[in-house]
Amino acid sequence: KAGVTQTPRYLIKTRGQQVTLSCSPISGHRSVSWYQQTPGQGLQFLFEYFSETQRNKGNFPGRFSGRQFSNSRSEMNVSTLELGDSALYLCASSPYLEGGRGETQYFGPGTRLLVL
Amino acid sequence: ELKVEQNPLFLSMQEGKNYTIYCNYSTTSDRLYWYRQDPGKSLESLFVLLSNGAVKQEGRLMASLDTKARLSTLHITAAVHDLSATYFCAVLLSGGGADGLTFGKGTHLIIQP
């Protein structure tokens with residue numbers, strides 16, 4: 001099976017712009033989660049989508065949003081970019097919601113976003 | 001609020017030695033995950049530990065879980081250079097992970113010849 005794919009891999013934006021990142025989960029996986037990784041804050045949970053519905057949300061401002069499509073592909077959007085949004089954004093997929101049966105989450109390669 | 005603490009955060013060791021990374025968490029959980037991350041790369045799943053007393057081994061790595069002590073360990077046996085990486089533990093809250101996985105800060109492991 002192909003792994004989790006994320007596009008684009010690298011992105012440079014300026015403050016105030018918005019950005020959309022895309023994630024395609026492993027075939028058959030219905031849960032997609034997004035994480036932000038920075039040197040200072042480490043890995044932080046953004047949100048989880050399952051069956052096109054946001055099920056869980058981390059402690060991030062409303063500028064961070066996402067959606068999931070009927071084929072389980074997911075996008076996340078960050079509006080009004082700030083310098084502090086520079087990070088590696090990781091998408092993870094699993095078959096079940098919240099690791100429902102103890103399945104691990106499989107992570108994609110990430111999108112590295114630099115905000116200037 | 002669930003807190004996950006790993007120690008040590010940095011570890012430099014010689015090949016052939018044994019060492020243990022510790023992962024403590026603050027709230028009841030019965031799902032603990034270990035991941036490996038190489039520089040500039042994504043997270044690779046190592047182990048999923050689901051119950052008290054669970055022990056899993058893969059090559060030179062062995063992970064265990066003590067849910068009563070809220071402690072997991074990742075033991076490295078006879079380390080080799082290829083194991084140099086950052087290791088993360090992550091915990092999912094029991095009864096529904098409203099906050100997704102909560103990660104420790106990671107242990108940056110350097111294994112020197």
# chains A, B, ... in the order shown; residues from 1 in each chain; ligands from 1
>>> residues_around(residues="Ser42 of chain B", least_positions_apart="2", cutoff="10 Å", atoms="only C-alpha atoms", output="VMD selection string")
(chain A and resid 88 to 91 106 to 111) or (chain B and resid 35 to 40 44 to 45)
>>> write_last_selection(atoms="C-alpha atoms", output="short mmCIF file (atom, residue, chain, number, x, y, z; two decimals), in the first residue's frame")
data_model
loop_
_atom_site.label_atom_id
_atom_site.label_comp_id
_atom_site.auth_asym_id
_atom_site.auth_seq_id
_atom_site.Cartn_x
_atom_site.Cartn_y
_atom_site.Cartn_z
CA LEU A 88 6.61 21.19 9.82
CA TYR A 89 2.97 20.18 9.38
CA LEU A 90 2.43 16.46 9.63
CA CYS A 91 -0.58 14.52 8.57
CA TYR A 106 0.95 6.49 10.10
CA PHE A 107 2.58 9.79 9.40
CA GLY A 108 3.23 11.44 6.07
CA PRO A 109 6.50 13.15 5.11
CA GLY A 110 5.19 16.55 6.16
CA THR A 111 4.95 19.99 4.62
CA TYR B 35 7.98 6.83 17.23
CA ARG B 36 11.36 7.44 15.67
CA GLN B 37 12.25 10.55 13.68
CA ASP B 38 15.40 10.98 11.60
CA PRO B 39 16.60 14.52 10.84
CA GLY B 40 14.38 16.21 8.28
CA GLU B 44 8.15 6.22 11.90
CA SER B 45 6.02 4.03 14.14
#
>>> interface_residues(of="chain B", to="chain A", cutoff="9 Å", atoms="only C-alpha atoms", output="ChimeraX atom specification")
/B:31,33,41-45,47-50,92,96-106
>>> select_by_dssp(residues="chain A", states="strand (DSSP E)", output="ChimeraX atom specification")
/A:5-7,10-13,19-24,31-38,42-50,53-57,64-68,74-78,87-94,106-107,111-115
>>> closest_residue(among="A:Ser86, A:Ser65, A:Gln17, A:Gln54", to="Arg30 of chain A", atoms="only C-alpha atoms")
A:Gln54
>>> atom_distance(atom1="atom CA of Leu83 of chain B", atom2="atom CA of Leu109 of chain B")
7.8 Å
>>> select_by_dssp(residues="chain A", states="helix (DSSP H, G or I)", output="compact mmCIF listing (two decimals) with all heavy atoms, in the first residue's frame")
# COMPACT_ATOMS: atom_id res chain seq x y z
N LEU A 83 4.58 34.78 11.63
CA LEU A 83 5.93 34.19 11.62
C LEU A 83 5.97 32.90 12.41
O LEU A 83 6.65 31.94 12.04
CB LEU A 83 6.94 35.18 12.18
CG LEU A 83 7.16 36.48 11.39
CD1 LEU A 83 8.18 37.35 12.09
CD2 LEU A 83 7.60 36.18 9.96
N GLY A 84 5.24 32.87 13.51
CA GLY A 84 5.23 31.70 14.39
C GLY A 84 4.56 30.48 13.79
O GLY A 84 4.61 29.40 14.38
N ASP A 85 3.95 30.64 12.63
CA ASP A 85 3.32 29.49 11.98
C ASP A 85 4.33 28.67 11.20
O ASP A 85 4.00 27.60 10.68
CB ASP A 85 2.21 29.94 11.04
CG ASP A 85 1.07 30.64 11.77
OD1 ASP A 85 0.88 30.35 12.97
OD2 ASP A 85 0.40 31.49 11.15
N LEU A 97 -11.22 6.07 14.25
CA LEU A 97 -11.23 7.32 15.00
C LEU A 97 -10.46 7.14 16.29
O LEU A 97 -10.63 6.15 16.99
CB LEU A 97 -12.68 7.71 15.30
CG LEU A 97 -12.91 8.98 16.13
CD1 LEU A 97 -12.39 10.20 15.39
CD2 LEU A 97 -14.38 9.12 16.46
N GLU A 98 -9.61 8.10 16.61
CA GLU A 98 -8.89 8.14 17.88
C GLU A 98 -8.17 6.82 18.16
O GLU A 98 -8.11 6.38 19.29
CB GLU A 98 -9.85 8.46 19.04
CG GLU A 98 -10.52 9.82 18.90
CD GLU A 98 -11.71 9.97 19.81
OE1 GLU A 98 -12.03 9.02 20.52
OE2 GLU A 98 -12.31 11.05 19.80
N GLY A 99 -7.64 6.23 17.12
CA GLY A 99 -6.93 4.98 17.34
C GLY A 99 -7.83 3.94 17.98
O GLY A 99 -7.40 3.19 18.84
>>> atom_distance(atom1="atom CA of Thr5 of chain A", atom2="atom CA of Met76 of chain A")
13.8 Å
>>> decode(residues="segment 61-104 of chain B", atoms="N, CA and C atoms", output="mmCIF file, in the first residue's frame")
data_model
loop_
_atom_site.group_PDB
_atom_site.id
_atom_site.type_symbol
_atom_site.label_atom_id
_atom_site.label_comp_id
_atom_site.auth_asym_id
_atom_site.auth_seq_id
_atom_site.Cartn_x
_atom_site.Cartn_y
_atom_site.Cartn_z
ATOM 1 N N LEU B 61 15.664 -2.817 20.099
ATOM 2 C CA LEU B 61 14.761 -1.965 20.862
ATOM 3 C C LEU B 61 13.691 -2.792 21.544
ATOM 4 N N MET B 62 13.428 -2.451 22.808
ATOM 5 C CA MET B 62 12.361 -3.103 23.545
ATOM 6 C C MET B 62 11.593 -2.051 24.323
ATOM 7 N N ALA B 63 10.267 -2.075 24.208
ATOM 8 C CA ALA B 63 9.433 -1.101 24.893
ATOM 9 C C ALA B 63 8.515 -1.818 25.859
ATOM 10 N N SER B 64 8.240 -1.155 26.983
ATOM 11 C CA SER B 64 7.343 -1.735 27.983
ATOM 12 C C SER B 64 6.422 -0.646 28.516
ATOM 13 N N LEU B 65 5.320 -1.106 29.114
ATOM 14 C CA LEU B 65 4.326 -0.166 29.634
ATOM 15 C C LEU B 65 3.867 -0.609 31.010
ATOM 16 N N ASP B 66 3.890 0.318 31.943
ATOM 17 C CA ASP B 66 3.342 0.113 33.287
ATOM 18 C C ASP B 66 2.282 1.189 33.491
ATOM 19 N N THR B 67 1.020 0.813 33.299
ATOM 20 C CA THR B 67 -0.045 1.815 33.373
ATOM 21 C C THR B 67 -0.290 2.291 34.805
ATOM 22 N N LYS B 68 0.032 1.458 35.764
ATOM 23 C CA LYS B 68 -0.177 1.877 37.161
ATOM 24 C C LYS B 68 0.811 2.963 37.553
ATOM 25 N N ALA B 69 2.037 2.821 37.091
ATOM 26 C CA ALA B 69 3.054 3.830 37.356
ATOM 27 C C ALA B 69 3.023 4.948 36.329
ATOM 28 N N ARG B 70 2.191 4.777 35.296
ATOM 29 C CA ARG B 70 2.118 5.754 34.198
ATOM 30 C C ARG B 70 3.509 5.971 33.611
ATOM 31 N N LEU B 71 4.141 4.859 33.264
ATOM 32 C CA LEU B 71 5.524 4.893 32.819
ATOM 33 C C LEU B 71 5.725 3.895 31.682
ATOM 34 N N SER B 72 6.407 4.361 30.652
ATOM 35 C CA SER B 72 6.857 3.471 29.604
ATOM 36 C C SER B 72 8.356 3.638 29.448
ATOM 37 N N THR B 73 9.015 2.566 29.075
ATOM 38 C CA THR B 73 10.453 2.628 28.849
ATOM 39 C C THR B 73 10.766 2.100 27.455
ATOM 40 N N LEU B 74 11.808 2.673 26.867
ATOM 41 C CA LEU B 74 12.341 2.190 25.599
ATOM 42 C C LEU B 74 13.790 1.830 25.868
ATOM 43 N N HIS B 75 14.080 0.541 25.813
ATOM 44 C CA HIS B 75 15.417 0.064 26.150
ATOM 45 C C HIS B 75 16.191 -0.253 24.872
ATOM 46 N N ILE B 76 17.411 0.220 24.839
ATOM 47 C CA ILE B 76 18.288 -0.005 23.686
ATOM 48 C C ILE B 76 19.386 -0.956 24.127
ATOM 49 N N THR B 77 19.521 -2.039 23.410
ATOM 50 C CA THR B 77 20.525 -3.046 23.752
ATOM 51 C C THR B 77 21.650 -3.039 22.723
ATOM 52 N N ALA B 78 22.885 -2.966 23.202
ATOM 53 C CA ALA B 78 24.059 -3.015 22.318
ATOM 54 C C ALA B 78 23.890 -2.051 21.148
ATOM 55 N N ALA B 79 23.805 -0.785 21.483
ATOM 56 C CA ALA B 79 23.475 0.256 20.493
ATOM 57 C C ALA B 79 24.420 0.228 19.290
ATOM 58 N N VAL B 80 23.836 0.537 18.141
ATOM 59 C CA VAL B 80 24.611 0.701 16.913
ATOM 60 C C VAL B 80 24.311 2.078 16.333
ATOM 61 N N HIS B 81 25.224 2.580 15.498
ATOM 62 C CA HIS B 81 25.120 3.935 14.984
ATOM 63 C C HIS B 81 23.786 4.198 14.282
ATOM 64 N N ASP B 82 23.253 3.186 13.603
ATOM 65 C CA ASP B 82 22.003 3.363 12.848
ATOM 66 C C ASP B 82 20.813 3.718 13.728
ATOM 67 N N LEU B 83 20.936 3.513 15.015
ATOM 68 C CA LEU B 83 19.839 3.852 15.918
ATOM 69 C C LEU B 83 19.843 5.325 16.317
ATOM 70 N N SER B 84 20.830 6.076 15.868
ATOM 71 C CA SER B 84 20.854 7.515 16.132
ATOM 72 C C SER B 84 19.636 8.162 15.494
ATOM 73 N N ALA B 85 18.858 8.866 16.309
ATOM 74 C CA ALA B 85 17.607 9.479 15.851
ATOM 75 C C ALA B 85 16.986 10.189 17.047
ATOM 76 N N THR B 86 15.824 10.798 16.823
ATOM 77 C CA THR B 86 15.047 11.331 17.939
ATOM 78 C C THR B 86 13.868 10.399 18.173
ATOM 79 N N TYR B 87 13.668 10.018 19.411
ATOM 80 C CA TYR B 87 12.620 9.074 19.782
ATOM 81 C C TYR B 87 11.546 9.810 20.584
ATOM 82 N N PHE B 88 10.315 9.624 20.148
ATOM 83 C CA PHE B 88 9.179 10.251 20.815
ATOM 84 C C PHE B 88 8.265 9.181 21.399
ATOM 85 N N CYS B 89 7.768 9.442 22.596
ATOM 86 C CA CYS B 89 6.639 8.674 23.077
ATOM 87 C C CYS B 89 5.399 9.558 22.955
ATOM 88 N N ALA B 90 4.265 8.937 22.790
ATOM 89 C CA ALA B 90 3.013 9.666 22.640
ATOM 90 C C ALA B 90 1.911 8.877 23.325
ATOM 91 N N VAL B 91 0.995 9.599 23.917
ATOM 92 C CA VAL B 91 -0.060 8.981 24.712
ATOM 93 C C VAL B 91 -1.418 9.427 24.196
ATOM 94 N N LEU B 92 -2.355 8.499 24.183
ATOM 95 C CA LEU B 92 -3.734 8.811 23.824
ATOM 96 C C LEU B 92 -4.571 8.641 25.071
ATOM 97 N N LEU B 93 -5.373 9.660 25.392
ATOM 98 C CA LEU B 93 -6.193 9.591 26.591
ATOM 99 C C LEU B 93 -7.160 8.426 26.522
ATOM 100 N N SER B 94 -7.392 7.790 27.659
ATOM 101 C CA SER B 94 -8.397 6.735 27.728
ATOM 102 C C SER B 94 -9.775 7.316 27.471
ATOM 103 N N GLY B 95 -10.610 6.537 26.835
ATOM 104 C CA GLY B 95 -11.992 6.950 26.643
ATOM 105 C C GLY B 95 -12.178 7.992 25.582
ATOM 106 N N GLY B 96 -11.216 8.120 24.731
ATOM 107 C CA GLY B 96 -11.409 9.105 23.664
ATOM 108 C C GLY B 96 -10.351 10.175 23.698
ATOM 109 N N GLY B 97 -9.622 10.283 22.622
ATOM 110 C CA GLY B 97 -8.512 11.244 22.607
ATOM 111 C C GLY B 97 -8.955 12.602 22.139
ATOM 112 N N ALA B 98 -9.576 13.354 22.995
ATOM 113 C CA ALA B 98 -10.066 14.668 22.590
ATOM 114 C C ALA B 98 -8.936 15.580 22.171
ATOM 115 N N ASP B 99 -7.751 15.301 22.596
ATOM 116 C CA ASP B 99 -6.605 16.120 22.228
ATOM 117 C C ASP B 99 -5.676 15.392 21.288
ATOM 118 N N GLY B 100 -6.125 14.347 20.665
ATOM 119 C CA GLY B 100 -5.255 13.588 19.790
ATOM 120 C C GLY B 100 -4.115 12.992 20.591
ATOM 121 N N LEU B 101 -3.067 12.657 19.909
ATOM 122 C CA LEU B 101 -1.883 12.162 20.585
ATOM 123 C C LEU B 101 -1.171 13.318 21.273
ATOM 124 N N THR B 102 -0.753 13.084 22.507
ATOM 125 C CA THR B 102 0.081 14.052 23.209
ATOM 126 C C THR B 102 1.502 13.493 23.225
ATOM 127 N N PHE B 103 2.418 14.248 22.679
ATOM 128 C CA PHE B 103 3.792 13.789 22.530
ATOM 129 C C PHE B 103 4.698 14.315 23.624
ATOM 130 N N GLY B 104 5.693 13.525 23.962
ATOM 131 C CA GLY B 104 6.793 14.032 24.752
ATOM 132 C C GLY B 104 7.681 14.908 23.878
#
